[in-house]
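Have a look at the structure below before the remarks.
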Amino acid sequence: MFASHDLTFSYSPLKKFAFPDLRCDDRDTLLILGQSGSGKTTLLHLLALLLQPESGEIMLNGQALRTLSASQKARVRAQELGIIYQRAHFVSSLTVLDNILLANYLGNKKQDKDKAAYLADQLGFGEHLFKKPHQLSQGEQHRASIARSLMNEPAVILADEPTASLDDTNCRKVVALLKEQSQSIGASLIVVTHDQRLKDEFSNRVNLG
Ligand SMILES: Nc1ncnc2c1ncn2[C@@H]1O[C@H](COP(=O)(O)OP(=O)(O)OP(=O)(O)O)[C@@H](O)[C@H]1O
């Protein structure tokens, strides 16, 4: 179970955020909707332990995460969190496959090429695995980053606008795959988005305004 309580954060004295409490059980989903600038990415980065909250707590299966050391946070991030960033970040000199396998390497797990190939096929970019990231379209790069986030069977999948650059067909496919994966590995799935198409796909929703 993944939850946050009383999370606050500020970039400056003029820009303060107080986020609603969140809770997402294993195999459950949570959609966080908000307009551009409402703080969706900020919240996702807090949950991903990439930003330090001013106050409040983040709990994963009963463990408080806010006060972990930097190296403990890095371990949780690499092993327990599958993060899909708004913009995909890849090592440009490596193939798409090796970029996906990097998740295993960083999580200190065995590199699983079969799993990478399976996810790439499911996400519709199987024929691009041996290309360099810049040779893929934005949508394909985004799907590659989704595959990378799932490689270590994380306890929590955190997705920032996972469907923003996708047409309706691929949007449905990506949502279905994220749900199917979170079900099969027992993960909590948390999606932040302004994409109103996702409203009907998730029963648990929080609005950031
Ligand atoms: N590093 C930063 N320094 C200062 N202000 C920032 C920083 N990052 C974001 N902000 C501000 O905080 C607010 C929320 O940003 P955030 O990226 O979390 O919004 P968002 O809801 O994800 O928006 P979008 O849908 O456009 O990506 C914005 O007004 C933004 O300008």
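Ordered as shown in the structure tokens, chains take letters A, B, and onward, while each chain numbers its residues from 1 and ligands are numbered from 1 in the order shown.
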With a distance cut-off of 8 Å and only C-alpha atoms, select the neighbouring residues of segment 107-115 of chain A, excluding the residue or stretch itself and same-chain residues fewer than 6 positions from it, and output the selection as a list in words.
-> Arg75, Ala78, Gln79, Leu97, Leu101, Met151 and Asn152 of chain A
Can those selected residues be exported to a file as a PDB file, in the first residue's frame so that it contains C-alpha atoms?
ATOM      1  CA  ARG A  75      17.461   2.047  -3.698  1.00  0.00           C
ATOM      2  CA  ALA A  78      15.402   1.839  -8.412  1.00  0.00           C
ATOM      3  CA  GLN A  79      13.769  -1.281  -6.976  1.00  0.00           C
ATOM      4  CA  LEU A  97      16.826  -2.362 -25.595  1.00  0.00           C
ATOM      5  CA  LEU A 101      17.711  -3.108 -19.516  1.00  0.00           C
ATOM      6  CA  MET A 151      11.189  -4.045 -15.823  1.00  0.00           C
ATOM      7  CA  ASN A 152      11.784  -4.492 -12.082  1.00  0.00           C
TER       8      ASN A 152
END
Which polymer residues have any atom within 9 Å of an atom of Arg27 of chain A, counting only C-alpha atoms, with same-chain residues fewer than 6 positions away left out, as a PyMOL selection string?
-> chain A and resi 179+182-189
Residues just named, written with C-alpha atoms as a short mmCIF file (atom, residue, chain, number, x, y, z; two decimals), in the first residue's frame:
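So the final result, stored in out21.cif, reads:
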data_model
loop_
_atom_site.label_atom_id
_atom_site.label_comp_id
_atom_site.auth_asym_id
_atom_site.auth_seq_id
_atom_site.Cartn_x
_atom_site.Cartn_y
_atom_site.Cartn_z
CA LYS A 179 -3.54 -1.85 -15.49
CA SER A 182 -0.05 -3.52 -12.08
CA GLN A 183 -2.55 -6.34 -11.53
CA SER A 184 -0.13 -9.09 -12.42
CA ILE A 185 2.78 -7.79 -10.34
CA GLY A 186 0.57 -6.55 -7.48
CA ALA A 187 1.60 -2.91 -7.89
CA SER A 188 -0.25 0.28 -7.04
CA LEU A 189 -0.76 2.34 -10.19
#
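Shortest atom-to-atom contact with Leu119 of chain A among A:Leu178, A:Ile84, A:Ala159, A:Ala164: A:Leu178, counting only C-alpha atoms.
Proximity of A:Leu208, A:Val76, A:Val96, A:Ala48 to ligand 1, computed with only C-alpha atoms and all ligand atoms, is greatest for A:Leu208.
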Neighbourhood of ligand 1 at 10 Å, counting only C-alpha atoms and all ligand atoms, reported as number ranges by chain | A: 9-12, 14-17, 32-46, 51, 86-87, 160-161, 164, 192-195, 208-209
Kindly save the residues from that selection, with N, CA and C atoms included, as a short mmCIF file (atom, residue, chain, number, x, y, z; two decimals), in the first residue's frame.
data_model
loop_
_atom_site.label_atom_id
_atom_site.label_comp_id
_atom_site.auth_asym_id
_atom_site.auth_seq_id
_atom_site.Cartn_x
_atom_site.Cartn_y
_atom_site.Cartn_z
N PHE A 9 4.92 21.45 -0.22
CA PHE A 9 6.17 21.73 -0.93
C PHE A 9 6.13 23.15 -1.44
N SER A 10 7.29 23.80 -1.53
CA SER A 10 7.30 25.12 -2.18
C SER A 10 8.57 25.31 -2.98
N TYR A 11 8.40 25.87 -4.16
CA TYR A 11 9.55 26.26 -4.97
C TYR A 11 10.09 27.60 -4.51
N SER A 12 9.19 28.43 -3.96
CA SER A 12 9.56 29.76 -3.46
C SER A 12 8.47 30.18 -2.49
N LEU A 14 6.41 32.33 -2.74
CA LEU A 14 5.18 32.70 -3.45
C LEU A 14 4.48 31.49 -4.09
N LYS A 15 5.16 30.34 -4.10
CA LYS A 15 4.61 29.17 -4.82
C LYS A 15 4.58 27.98 -3.88
N LYS A 16 3.50 27.90 -3.08
CA LYS A 16 3.40 26.82 -2.09
C LYS A 16 2.31 25.84 -2.50
N PHE A 17 2.58 24.57 -2.30
CA PHE A 17 1.60 23.53 -2.60
C PHE A 17 1.25 22.76 -1.33
N ILE A 32 -4.82 11.07 -10.75
CA ILE A 32 -4.74 12.42 -10.21
C ILE A 32 -4.86 13.39 -11.37
N LEU A 33 -5.97 14.10 -11.40
CA LEU A 33 -6.26 14.99 -12.51
C LEU A 33 -5.96 16.43 -12.12
N GLY A 34 -5.50 17.21 -13.08
CA GLY A 34 -5.26 18.63 -12.77
C GLY A 34 -4.93 19.39 -14.03
N GLN A 35 -5.25 20.68 -14.00
CA GLN A 35 -4.92 21.56 -15.12
C GLN A 35 -3.40 21.72 -15.20
N SER A 36 -2.96 22.24 -16.33
CA SER A 36 -1.54 22.58 -16.49
C SER A 36 -1.14 23.58 -15.39
N GLY A 37 -0.06 23.28 -14.68
CA GLY A 37 0.43 24.19 -13.64
C GLY A 37 -0.16 23.92 -12.27
N SER A 38 -1.04 22.91 -12.16
CA SER A 38 -1.68 22.64 -10.85
C SER A 38 -0.75 21.88 -9.90
N GLY A 39 0.38 21.41 -10.41
CA GLY A 39 1.35 20.76 -9.52
C GLY A 39 1.42 19.24 -9.68
N LYS A 40 0.93 18.73 -10.80
CA LYS A 40 0.91 17.27 -11.00
C LYS A 40 2.31 16.69 -11.02
N THR A 41 3.19 17.30 -11.82
CA THR A 41 4.56 16.77 -11.91
C THR A 41 5.28 16.95 -10.58
N THR A 42 5.03 18.08 -9.93
CA THR A 42 5.63 18.31 -8.61
C THR A 42 5.22 17.20 -7.65
N LEU A 43 3.92 16.88 -7.62
CA LEU A 43 3.44 15.82 -6.73
C LEU A 43 4.07 14.48 -7.11
N LEU A 44 4.12 14.18 -8.39
CA LEU A 44 4.70 12.90 -8.81
C LEU A 44 6.16 12.81 -8.39
N HIS A 45 6.89 13.93 -8.52
CA HIS A 45 8.30 13.93 -8.13
C HIS A 45 8.47 13.81 -6.61
N LEU A 46 7.51 14.31 -5.86
CA LEU A 46 7.55 14.10 -4.40
C LEU A 46 7.35 12.61 -4.10
N LEU A 51 11.94 14.96 -5.11
CA LEU A 51 11.87 16.24 -4.40
C LEU A 51 11.60 15.94 -2.94
N GLN A 86 7.38 12.54 -17.64
CA GLN A 86 6.62 13.24 -18.67
C GLN A 86 7.41 13.26 -19.99
N ARG A 87 8.70 13.51 -19.87
CA ARG A 87 9.56 13.41 -21.05
C ARG A 87 10.52 12.26 -20.83
N ASP A 160 3.58 9.95 -15.23
CA ASP A 160 3.32 11.37 -15.48
C ASP A 160 2.85 11.52 -16.92
N GLU A 161 1.60 11.79 -17.11
CA GLU A 161 1.01 11.97 -18.45
C GLU A 161 1.38 10.82 -19.39
N ALA A 164 -0.17 11.33 -22.99
CA ALA A 164 -0.27 12.68 -23.57
C ALA A 164 0.01 12.71 -25.07
N VAL A 192 -0.74 10.67 -13.00
CA VAL A 192 -1.12 12.09 -12.98
C VAL A 192 -1.28 12.55 -14.42
N THR A 193 -2.33 13.31 -14.67
CA THR A 193 -2.62 13.69 -16.06
C THR A 193 -3.59 14.85 -16.14
N HIS A 194 -3.59 15.51 -17.31
CA HIS A 194 -4.69 16.44 -17.61
C HIS A 194 -5.57 15.81 -18.68
N ASP A 195 -5.24 14.57 -19.09
CA ASP A 195 -5.93 13.89 -20.19
C ASP A 195 -7.30 13.40 -19.74
N LEU A 208 -6.63 17.94 -8.53
CA LEU A 208 -5.76 18.98 -7.98
C LEU A 208 -6.28 20.38 -8.33
N GLY A 209 -7.34 20.42 -9.15
CA GLY A 209 -7.91 21.72 -9.51
C GLY A 209 -7.32 22.26 -10.78
#
Counting only C-alpha atoms, the residue among A:Leu65, A:Leu177, A:Val191, A:Cys24 that lies closest to Asn207 of chain A is A:Val191
Surrounding residues of segment 146-149 of chain A excluding itself and chain neighbours under 3 positions, 7 Å, only C-alpha atoms, as a list in words | Gly82, Ile83, Ile84, Ile100, Ala103, Ala116, Leu119, Ala120, His142 and Arg143 of chain A
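You can rank A:Ser165, A:Ser145, A:Thr95, A:Ser4 by their closest distance to Gln63 of chain A using only C-alpha atoms, and at the top of that list sits A:Ser4.
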If you run DSSP on this backbone, which residues of segment 28-146 of chain A come out as strand (DSSP E or B), and could you give them as a PyMOL selection string?
-> chain A and resi 29-33+55-60+63-64+81-84
How would the residues just chosen look if you wrote them out with C-alpha atoms as a PDB file, in the first residue's frame?
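Done, and the output landed in selection.pdb:
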ATOM      1  CA  THR A  29      -5.301   2.448  -9.301  1.00  0.00           C
ATOM      2  CA  LEU A  30      -5.448   6.166  -8.581  1.00  0.00           C
ATOM      3  CA  LEU A  31      -5.892   8.924 -11.140  1.00  0.00           C
ATOM      4  CA  ILE A  32      -4.735  12.423 -10.205  1.00  0.00           C
ATOM      5  CA  LEU A  33      -6.258  14.989 -12.514  1.00  0.00           C
ATOM      6  CA  SER A  55       6.282  18.490   5.587  1.00  0.00           C
ATOM      7  CA  GLY A  56       4.162  15.375   5.467  1.00  0.00           C
ATOM      8  CA  GLU A  57       4.970  11.733   4.899  1.00  0.00           C
ATOM      9  CA  ILE A  58       5.042   9.101   2.167  1.00  0.00           C
ATOM     10  CA  MET A  59       4.428   5.494   3.198  1.00  0.00           C
ATOM     11  CA  LEU A  60       5.181   2.328   1.245  1.00  0.00           C
ATOM     12  CA  GLN A  63       7.637   2.114   5.785  1.00  0.00           C
ATOM     13  CA  ALA A  64       8.033   5.898   6.092  1.00  0.00           C
ATOM     14  CA  LEU A  81       9.166   2.508  -7.943  1.00  0.00           C
ATOM     15  CA  GLY A  82       8.496   2.332 -11.671  1.00  0.00           C
ATOM     16  CA  ILE A  83       8.612   5.940 -12.833  1.00  0.00           C
ATOM     17  CA  ILE A  84       7.282   7.075 -16.192  1.00  0.00           C
TER      18      ILE A  84
END
Near segment 124-133 of chain A, 9 Å: segment 27-101 of chain A residue rows, closest pairs, only C-alpha atoms, as a tab-separated table:
residue	atom	partner	partner_atom	distance
A:Phe90	CA	A:Pro133	CA	6.8
A:Val91	CA	A:Pro133	CA	7.9
A:Ser92	CA	A:Pro133	CA	6.2
A:Ser93	CA	A:Lys132	CA	6.9
A:Leu94	CA	A:Lys132	CA	6.3
A:Thr95	CA	A:Lys132	CA	4.5
A:Val96	CA	A:Leu129	CA	5.1
A:Leu97	CA	A:Leu129	CA	4.9
A:Asp98	CA	A:Leu129	CA	8.4
A:Asn99	CA	A:Pro133	CA	8.5
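When only C-alpha atoms are used to measure the gap to Ser71 of chain A, the shortest distance among A:Asp6, A:Thr163, A:Pro20, A:Leu49 belongs to A:Leu49.
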Where does DSSP see alpha helix (DSSP H) in segment 50-121 of chain A, if you list the residues as a PyMOL selection string?
-> chain A and resi 70-79+96-106+113-121
Using the selection just defined, write its residues with N, CA and C atoms as a CSV table (one decimal), in the first residue's frame.
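The new file out.csv reads:
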chain,number,residue,atom,x,y,z
A,70,ALA,N,19.8,9.5,1.4
A,70,ALA,CA,19.8,9.6,-0.1
A,70,ALA,C,20.0,8.3,-0.7
A,71,SER,N,20.9,7.5,-0.2
A,71,SER,CA,21.2,6.2,-0.8
A,71,SER,C,20.0,5.2,-0.6
A,72,GLN,N,19.4,5.3,0.5
A,72,GLN,CA,18.2,4.4,0.7
A,72,GLN,C,17.1,4.8,-0.2
A,73,LYS,N,16.9,6.1,-0.4
A,73,LYS,CA,15.9,6.6,-1.4
A,73,LYS,C,16.2,6.1,-2.8
A,74,ALA,N,17.5,6.2,-3.1
A,74,ALA,CA,17.9,5.7,-4.5
A,74,ALA,C,17.6,4.3,-4.7
A,75,ARG,N,17.8,3.5,-3.6
A,75,ARG,CA,17.5,2.0,-3.7
A,75,ARG,C,16.0,1.8,-3.9
A,76,VAL,N,15.2,2.5,-3.0
A,76,VAL,CA,13.7,2.4,-3.2
A,76,VAL,C,13.3,2.8,-4.6
A,77,ARG,N,13.8,3.9,-5.1
A,77,ARG,CA,13.5,4.4,-6.4
A,77,ARG,C,13.8,3.4,-7.5
A,78,ALA,N,15.0,2.8,-7.4
A,78,ALA,CA,15.4,1.8,-8.4
A,78,ALA,C,14.7,0.5,-8.3
A,79,GLN,N,14.3,0.1,-7.1
A,79,GLN,CA,13.8,-1.3,-7.0
A,79,GLN,C,12.3,-1.3,-6.8
A,96,VAL,N,17.6,1.1,-27.7
A,96,VAL,CA,16.4,1.2,-26.9
A,96,VAL,C,16.4,0.0,-26.0
A,97,LEU,N,16.8,-1.2,-26.5
A,97,LEU,CA,16.8,-2.4,-25.6
A,97,LEU,C,17.7,-2.1,-24.4
A,98,ASP,N,19.0,-1.7,-24.7
A,98,ASP,CA,19.9,-1.5,-23.6
A,98,ASP,C,19.4,-0.4,-22.6
A,99,ASN,N,18.7,0.6,-23.1
A,99,ASN,CA,18.1,1.6,-22.2
A,99,ASN,C,17.1,1.0,-21.3
A,100,ILE,N,16.3,0.1,-21.8
A,100,ILE,CA,15.3,-0.6,-21.0
A,100,ILE,C,16.0,-1.5,-20.0
A,101,LEU,N,17.0,-2.2,-20.4
A,101,LEU,CA,17.7,-3.1,-19.5
A,101,LEU,C,18.5,-2.4,-18.4
A,102,LEU,N,18.7,-1.1,-18.6
A,102,LEU,CA,19.4,-0.3,-17.6
A,102,LEU,C,18.6,-0.3,-16.3
A,103,ALA,N,17.3,-0.4,-16.4
A,103,ALA,CA,16.5,-0.4,-15.2
A,103,ALA,C,16.9,-1.6,-14.3
A,104,ASN,N,17.1,-2.8,-15.0
A,104,ASN,CA,17.5,-4.0,-14.2
A,104,ASN,C,18.9,-3.7,-13.6
A,105,TYR,N,19.8,-3.1,-14.4
A,105,TYR,CA,21.1,-2.8,-13.9
A,105,TYR,C,21.1,-1.9,-12.6
A,106,LEU,N,20.3,-0.8,-12.8
A,106,LEU,CA,20.2,0.1,-11.7
A,106,LEU,C,19.5,-0.4,-10.4
A,113,LYS,N,16.1,-9.9,-21.0
A,113,LYS,CA,15.9,-9.5,-22.4
A,113,LYS,C,14.5,-10.0,-22.8
A,114,ASP,N,14.1,-11.2,-22.4
A,114,ASP,CA,12.8,-11.7,-22.8
A,114,ASP,C,11.7,-10.8,-22.3
A,115,LYS,N,11.8,-10.3,-21.1
A,115,LYS,CA,10.7,-9.5,-20.6
A,115,LYS,C,10.7,-8.1,-21.4
A,116,ALA,N,11.9,-7.6,-21.7
A,116,ALA,CA,12.0,-6.4,-22.4
A,116,ALA,C,11.3,-6.5,-23.8
A,117,ALA,N,11.6,-7.7,-24.4
A,117,ALA,CA,11.0,-7.9,-25.8
A,117,ALA,C,9.5,-8.1,-25.6
A,118,TYR,N,9.0,-8.8,-24.6
A,118,TYR,CA,7.6,-9.0,-24.4
A,118,TYR,C,6.9,-7.7,-24.2
A,119,LEU,N,7.5,-6.8,-23.3
A,119,LEU,CA,6.8,-5.5,-23.1
A,119,LEU,C,6.8,-4.6,-24.3
A,120,ALA,N,8.0,-4.7,-25.1
A,120,ALA,CA,8.1,-3.9,-26.3
A,120,ALA,C,7.0,-4.4,-27.3
A,121,ASP,N,6.8,-5.7,-27.4
A,121,ASP,CA,5.7,-6.2,-28.3
A,121,ASP,C,4.4,-5.7,-27.9
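Shortest atom-to-atom contact with Leu50 of chain A among A:Pro154, A:Tyr85, A:Asp21, A:Arg197: A:Tyr85, counting only C-alpha atoms.
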